[in-house]
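Data block for my_file-v4.txt (compact mmCIF, C-alpha atoms):
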```txt
# COMPACT_ATOMS: atom_id res chain seq x y z
CA MET A 1 59.39 -80.70 -51.96
CA SER A 2 57.34 -78.48 -54.27
CA GLU A 3 58.22 -78.07 -57.91
CA THR A 4 59.51 -74.69 -58.97
CA ALA A 5 56.83 -74.36 -61.64
CA ILE A 6 53.07 -73.91 -61.58
CA THR A 7 51.28 -75.37 -64.60
CA LEU A 8 48.08 -73.75 -65.82
CA ALA A 9 46.19 -76.05 -68.19
CA LEU A 10 43.76 -74.44 -70.61
CA HIS A 11 41.15 -76.90 -71.84
CA GLY A 12 38.76 -76.40 -74.76
CA LEU A 13 40.84 -73.88 -76.70
CA GLU A 14 39.99 -75.81 -79.86
CA ASN A 15 36.55 -74.16 -79.51
CA LEU A 16 38.13 -70.78 -80.32
CA ASP A 17 39.50 -69.47 -83.59
CA GLU A 18 43.27 -69.23 -83.91
CA LYS A 19 43.57 -65.45 -83.35
CA THR A 20 41.37 -65.46 -80.25
CA ARG A 21 43.19 -68.50 -78.88
CA ALA A 22 46.63 -66.91 -79.38
CA GLY A 23 45.49 -63.62 -77.81
CA LEU A 24 43.97 -65.41 -74.84
CA VAL A 25 47.14 -67.42 -74.08
CA TRP A 26 49.29 -64.30 -74.47
CA LEU A 27 47.07 -62.27 -72.12
CA LEU A 28 46.93 -64.99 -69.46
CA ARG A 29 50.71 -65.29 -69.55
CA ARG A 30 51.15 -61.51 -69.33
CA GLU A 31 48.74 -61.18 -66.39
CA PHE A 32 49.42 -64.33 -64.40
CA GLU A 33 53.18 -64.85 -64.87
CA PRO A 34 54.25 -61.88 -62.68
CA ILE A 35 52.08 -63.19 -59.83
CA VAL A 36 53.54 -66.69 -60.13
CA SER A 37 57.00 -65.09 -60.23
CA ASP A 38 56.20 -63.23 -56.98
CA ALA A 39 55.65 -66.70 -55.48
CA GLY A 40 59.19 -67.68 -56.50
CA LYS A 41 57.98 -70.02 -59.24
CA ARG A 42 57.73 -70.03 -62.99
CA LEU A 43 54.55 -70.39 -65.02
CA ARG A 44 53.94 -73.13 -67.56
CA ILE A 45 50.83 -72.94 -69.71
CA THR A 46 49.61 -76.06 -71.46
CA THR A 47 46.67 -76.79 -73.73
CA GLY A 48 44.90 -80.04 -74.41
CA ASP A 49 43.40 -82.68 -72.15
CA LEU A 50 46.03 -83.18 -69.44
CA GLN A 51 45.14 -82.00 -65.94
CA ALA A 52 47.61 -79.75 -64.14
CA ASP A 53 48.08 -77.71 -60.94
CA LEU A 54 45.44 -75.23 -62.12
CA ASN A 55 42.82 -75.95 -64.78
CA ILE A 56 40.51 -73.65 -66.71
CA SER A 57 38.03 -75.08 -69.18
CA PHE A 58 36.63 -72.98 -72.02
CA ASP A 59 33.16 -74.39 -72.54
CA ALA A 60 31.59 -74.20 -76.01
CA GLU A 61 27.98 -74.29 -74.81
CA PRO A 62 25.49 -72.56 -77.11
CA GLU A 63 25.03 -68.84 -76.59
CA ALA A 64 23.33 -68.24 -73.27
CA ALA A 65 20.96 -65.51 -74.43
CA GLY A 66 19.86 -67.38 -77.54
CA ARG A 67 17.63 -65.42 -79.87
CA ARG A 68 16.34 -63.11 -77.14
CA ALA A 69 19.02 -60.41 -77.12
CA CYS A 70 18.51 -58.73 -73.74
CA THR A 71 16.68 -61.21 -71.56
CA GLY A 72 17.93 -63.46 -68.81
CA ILE A 73 21.28 -63.64 -67.07
CA VAL A 74 24.31 -64.38 -69.19
CA TRP A 75 26.61 -66.88 -67.50
CA LEU A 76 30.31 -66.16 -68.05
CA GLY A 77 32.20 -68.37 -65.59
CA GLU A 78 31.80 -70.77 -62.69
CA ASP A 79 34.35 -71.19 -59.94
CA VAL A 80 33.06 -74.59 -58.81
CA THR A 81 34.07 -76.16 -62.13
CA GLY A 82 36.69 -73.67 -63.28
CA SER A 83 34.87 -73.17 -66.55
CA VAL A 84 34.50 -70.10 -68.75
CA SER A 85 31.55 -69.88 -71.15
CA ILE A 86 32.51 -68.97 -74.69
CA GLY A 87 28.81 -68.86 -75.61
CA GLY A 88 28.08 -66.49 -72.73
CA HIS A 89 30.73 -64.09 -73.96
CA GLN A 90 29.46 -64.33 -77.54
CA SER A 91 25.96 -63.47 -76.27
CA LEU A 92 26.94 -60.18 -74.64
CA ARG A 93 25.07 -57.25 -76.15
CA VAL A 94 24.85 -53.57 -75.31
CA CYS A 95 21.27 -53.80 -73.94
CA GLY A 96 21.27 -50.14 -72.97
CA PRO A 97 18.32 -47.86 -72.29
CA ALA A 98 15.68 -47.31 -74.94
CA ASP A 99 16.30 -44.33 -77.21
CA PRO A 100 13.66 -41.70 -76.30
CA GLY A 101 12.99 -40.91 -79.96
CA THR A 102 12.79 -44.40 -81.44
CA ARG A 103 12.04 -46.37 -78.26
CA ARG A 104 14.52 -48.99 -79.42
CA ARG A 105 17.36 -50.46 -77.40
CA ASP A 106 20.87 -50.90 -78.71
CA VAL A 107 21.29 -54.69 -79.01
CA ARG A 108 24.58 -54.81 -80.89
CA ARG A 109 27.01 -57.52 -79.83
CA VAL A 110 29.78 -56.24 -77.59
CA LEU A 111 32.72 -58.60 -78.22
CA THR A 112 32.89 -58.41 -82.00
CA ASN A 113 36.57 -58.97 -82.73
CA HIS A 114 39.30 -61.41 -81.71
CA TRP A 115 41.04 -59.06 -79.31
CA LEU A 116 37.89 -58.05 -77.41
CA MET A 117 36.85 -61.69 -77.09
CA ALA A 118 40.32 -62.82 -75.96
CA HIS A 119 40.55 -60.04 -73.38
CA SER A 120 37.11 -60.75 -71.96
CA LEU A 121 37.79 -64.50 -71.76
CA ALA A 122 41.14 -63.80 -70.06
CA ASN A 123 39.47 -61.47 -67.54
CA THR A 124 36.95 -64.17 -66.67
CA ALA A 125 39.67 -66.82 -66.36
CA MET A 126 41.66 -64.57 -63.98
CA HIS A 127 38.45 -64.02 -61.97
CA GLU A 128 37.96 -67.78 -61.61
CA LEU A 129 41.62 -68.30 -60.66
CA GLY A 130 41.17 -65.66 -57.95
CA HIS A 131 38.25 -67.63 -56.52
CA PHE A 132 40.08 -70.95 -56.68
CA ILE A 133 43.57 -70.01 -55.54
CA ALA A 134 42.76 -67.54 -52.76
CA ASP A 135 38.97 -67.78 -52.28
CA PHE A 136 38.45 -64.11 -53.18
CA GLU A 137 35.04 -62.54 -52.75
CA HIS A 138 33.44 -60.54 -55.54
CA SER A 139 34.23 -56.85 -56.00
CA THR A 140 32.18 -53.90 -57.21
CA ASP A 141 35.28 -52.21 -58.68
CA PRO A 142 35.01 -52.57 -62.49
CA ARG A 143 38.83 -52.39 -62.76
CA ASN A 144 39.32 -55.40 -60.49
CA TYR A 145 39.37 -58.97 -61.83
CA MET A 146 36.89 -59.97 -59.13
CA VAL A 147 34.15 -57.62 -60.37
CA THR A 148 30.81 -59.30 -60.91
CA GLY A 149 27.45 -58.33 -62.34
CA SER A 150 27.03 -55.73 -65.05
CA LEU A 151 26.67 -52.01 -65.55
CA PRO A 152 23.35 -50.34 -64.72
CA VAL A 153 21.21 -50.19 -67.88
CA ARG A 154 21.38 -46.38 -68.06
CA GLN A 155 25.21 -46.54 -68.27
CA ARG A 156 25.36 -49.12 -71.06
CA ASN A 157 26.60 -48.21 -74.50
CA ILE A 158 28.96 -50.07 -76.83
CA ARG A 159 32.04 -48.38 -75.35
CA SER A 160 31.14 -48.81 -71.67
CA GLN A 161 30.12 -52.45 -72.14
CA ARG A 162 33.36 -53.26 -73.95
CA GLU A 163 35.38 -51.55 -71.22
CA PHE A 164 33.46 -53.36 -68.47
CA PHE A 165 33.91 -56.85 -69.91
CA ALA A 166 37.09 -56.60 -71.99
CA GLY A 167 38.93 -53.66 -70.41
CA GLN A 168 42.22 -53.83 -68.53
CA LYS A 169 41.76 -55.18 -65.01
CA SER A 170 44.10 -56.02 -62.15
CA PHE A 171 44.26 -57.42 -58.65
CA THR A 172 44.93 -55.10 -55.70
CA ALA A 173 48.32 -55.30 -53.98
CA GLU A 174 46.70 -57.29 -51.16
CA GLN A 175 45.09 -59.70 -53.60
CA ARG A 176 48.40 -60.21 -55.44
CA GLN A 177 50.13 -60.95 -52.14
CA ALA A 178 47.42 -63.45 -51.15
CA LEU A 179 47.69 -65.18 -54.54
CA ALA A 180 51.49 -65.37 -54.32
CA THR A 181 51.25 -66.87 -50.81
CA GLN A 182 48.91 -69.61 -52.00
CA LEU A 183 50.90 -70.26 -55.16
CA ARG A 184 54.08 -70.58 -53.07
CA THR A 185 52.51 -73.28 -50.87
CA GLU A 186 50.28 -74.74 -53.62
CA GLN A 187 47.39 -74.77 -51.17
CA TRP A 188 44.21 -73.75 -53.00
CA LEU A 189 41.54 -72.13 -50.83
CA GLY A 190 38.63 -72.16 -53.30
CA ASP A 191 36.13 -74.86 -54.05
CA MET A 192 36.92 -75.86 -57.61
CA THR A 193 37.84 -79.51 -58.03
CA ILE A 194 41.43 -80.05 -56.89
CA VAL A 195 43.58 -82.14 -59.21
CA THR A 196 46.66 -83.73 -57.67
CA ARG A 197 49.79 -84.65 -59.58
```

Target encoding structure tokens, full file:
Amino acid sequence: MSETAITLALHGLENLDEKTRAGLVWLLRREFEPIVSDAGKRLRITTGDLQADLNISFDAEPEAAGRRACTGIVWLGEDVTGSVSIGGHQSLRVCGPADPGTRRRDVRRVLTNHWLMAHSLANTAMHELGHFIADFEHSTDPRNYMVTGSLPVRQRNIRSQREFFAGQKSFTAEQRQALATQLRTEQWLGDMTIVTR
């Protein structure tokens, strides 16, 4: 018989500062707990090295974009390994269109405070859980957790980039129902490594 709890293990949180770490855990609990509750279970969140029902690893790889501010693709998460790139999030910059007068692009960093970073990391973690638990496809809706890609260059400014990556997102009613169904049975449909108890 299944346990009445689902444990979400967060690995690599020691790679984050205390405020970002606390915000991230709080956001994941706020967003994921109601879905687990819909499945008739309770959510436990653990940190450290122990593997659990669901595992997300926060990877401290160096910043993906390096010294070149607006070149290359910034990697944020990978569903095969259930990892979220802290460096990728730190690398995010506005990278908007060139100013017609100065011909310079805005290359300011986007996630410049604890709350923005925590929210963006939580959004990416929820995205990866959507892939793993219910094998969700990507979405083009920027308000959905399963959104992928980035804004067109002409739409990028500091505000729009922050909203795109760190703004409030949600699953649709159908997605929530699919997640609750899989959480109830503890049958994961995605292709991340499955860890058994």

Shortest interatomic distance to Thr181 (chain A) - which of A:Asp38, A:Asp53, A:Asp141, A:Glu78, counting only C-alpha atoms
A:Asp38

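Residues lying at most 8 Å from (52.3, -64.6, -56.6) in file coordinates, with only C-alpha atoms considered, are Pro34, Ile35, Val36, Ser37, Asp38, Ala39, Gly40, Arg176, Gln177, Ala178, Leu179, Ala180, Thr181, Gln182, Leu183 and Arg184 of chain A.
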
Selection export as a compact mmCIF listing (two decimals), in the coordinates of the input, atoms kept: C-alpha atoms:
```txt
# COMPACT_ATOMS: atom_id res chain seq x y z
CA PRO A 34 54.25 -61.88 -62.68
CA ILE A 35 52.08 -63.19 -59.83
CA VAL A 36 53.54 -66.69 -60.13
CA SER A 37 57.00 -65.09 -60.23
CA ASP A 38 56.20 -63.23 -56.98
CA ALA A 39 55.65 -66.70 -55.48
CA GLY A 40 59.19 -67.68 -56.50
CA ARG A 176 48.40 -60.21 -55.44
CA GLN A 177 50.13 -60.95 -52.14
CA ALA A 178 47.42 -63.45 -51.15
CA LEU A 179 47.69 -65.18 -54.54
CA ALA A 180 51.49 -65.37 -54.32
CA THR A 181 51.25 -66.87 -50.81
CA GLN A 182 48.91 -69.61 -52.00
CA LEU A 183 50.90 -70.26 -55.16
CA ARG A 184 54.08 -70.58 -53.07
```

Need to verify the contact set: region 84-100 of chain A, 8 Å, all atoms listed in the file, exclusion of same-chain residues closer than 3 positions in sequence. Can you return it as a VMD selection string?
chain A and resid 56 to 66 69 to 70 74 to 78 103 to 111 117 120 to 121 124 to 125 153 to 158 161

File dump, residues just selected, C-alpha atoms, as a PDB file, in the frame of the given file:
```
ATOM      1  CA  ILE A  56      40.510 -73.650 -66.710  1.00  0.00           C
ATOM      2  CA  SER A  57      38.030 -75.080 -69.180  1.00  0.00           C
ATOM      3  CA  PHE A  58      36.630 -72.980 -72.020  1.00  0.00           C
ATOM      4  CA  ASP A  59      33.160 -74.390 -72.540  1.00  0.00           C
ATOM      5  CA  ALA A  60      31.590 -74.200 -76.010  1.00  0.00           C
ATOM      6  CA  GLU A  61      27.980 -74.290 -74.810  1.00  0.00           C
ATOM      7  CA  PRO A  62      25.490 -72.560 -77.110  1.00  0.00           C
ATOM      8  CA  GLU A  63      25.030 -68.840 -76.590  1.00  0.00           C
ATOM      9  CA  ALA A  64      23.330 -68.240 -73.270  1.00  0.00           C
ATOM     10  CA  ALA A  65      20.960 -65.510 -74.430  1.00  0.00           C
ATOM     11  CA  GLY A  66      19.860 -67.380 -77.540  1.00  0.00           C
ATOM     12  CA  ALA A  69      19.020 -60.410 -77.120  1.00  0.00           C
ATOM     13  CA  CYS A  70      18.510 -58.730 -73.740  1.00  0.00           C
ATOM     14  CA  VAL A  74      24.310 -64.380 -69.190  1.00  0.00           C
ATOM     15  CA  TRP A  75      26.610 -66.880 -67.500  1.00  0.00           C
ATOM     16  CA  LEU A  76      30.310 -66.160 -68.050  1.00  0.00           C
ATOM     17  CA  GLY A  77      32.200 -68.370 -65.590  1.00  0.00           C
ATOM     18  CA  GLU A  78      31.800 -70.770 -62.690  1.00  0.00           C
ATOM     19  CA  ARG A 103      12.040 -46.370 -78.260  1.00  0.00           C
ATOM     20  CA  ARG A 104      14.520 -48.990 -79.420  1.00  0.00           C
ATOM     21  CA  ARG A 105      17.360 -50.460 -77.400  1.00  0.00           C
ATOM     22  CA  ASP A 106      20.870 -50.900 -78.710  1.00  0.00           C
ATOM     23  CA  VAL A 107      21.290 -54.690 -79.010  1.00  0.00           C
ATOM     24  CA  ARG A 108      24.580 -54.810 -80.890  1.00  0.00           C
ATOM     25  CA  ARG A 109      27.010 -57.520 -79.830  1.00  0.00           C
ATOM     26  CA  VAL A 110      29.780 -56.240 -77.590  1.00  0.00           C
ATOM     27  CA  LEU A 111      32.720 -58.600 -78.220  1.00  0.00           C
ATOM     28  CA  MET A 117      36.850 -61.690 -77.090  1.00  0.00           C
ATOM     29  CA  SER A 120      37.110 -60.750 -71.960  1.00  0.00           C
ATOM     30  CA  LEU A 121      37.790 -64.500 -71.760  1.00  0.00           C
ATOM     31  CA  THR A 124      36.950 -64.170 -66.670  1.00  0.00           C
ATOM     32  CA  ALA A 125      39.670 -66.820 -66.360  1.00  0.00           C
ATOM     33  CA  VAL A 153      21.210 -50.190 -67.880  1.00  0.00           C
ATOM     34  CA  ARG A 154      21.380 -46.380 -68.060  1.00  0.00           C
ATOM     35  CA  GLN A 155      25.210 -46.540 -68.270  1.00  0.00           C
ATOM     36  CA  ARG A 156      25.360 -49.120 -71.060  1.00  0.00           C
ATOM     37  CA  ASN A 157      26.600 -48.210 -74.500  1.00  0.00           C
ATOM     38  CA  ILE A 158      28.960 -50.070 -76.830  1.00  0.00           C
ATOM     39  CA  GLN A 161      30.120 -52.450 -72.140  1.00  0.00           C
TER      40      GLN A 161
END
```

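For the residues A:Thr140, A:Thr20, A:Thr46, A:Thr102, ranking by smallest atom-to-atom distance to Ala118 (chain A) using only C-alpha atoms places A:Thr20 first.
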
Select, counting all atoms listed in the file, all protein, DNA and RNA residues no farther than 7 Å from (47.7, -76.1, -66.8) in file coordinates, and express the selection as a ChimeraX atom specification.
/A:7-10,44-46,51-55

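Here CA of Trp115 (chain A) and CA of Glu14 (chain A) stand 16.8 Å from one another.
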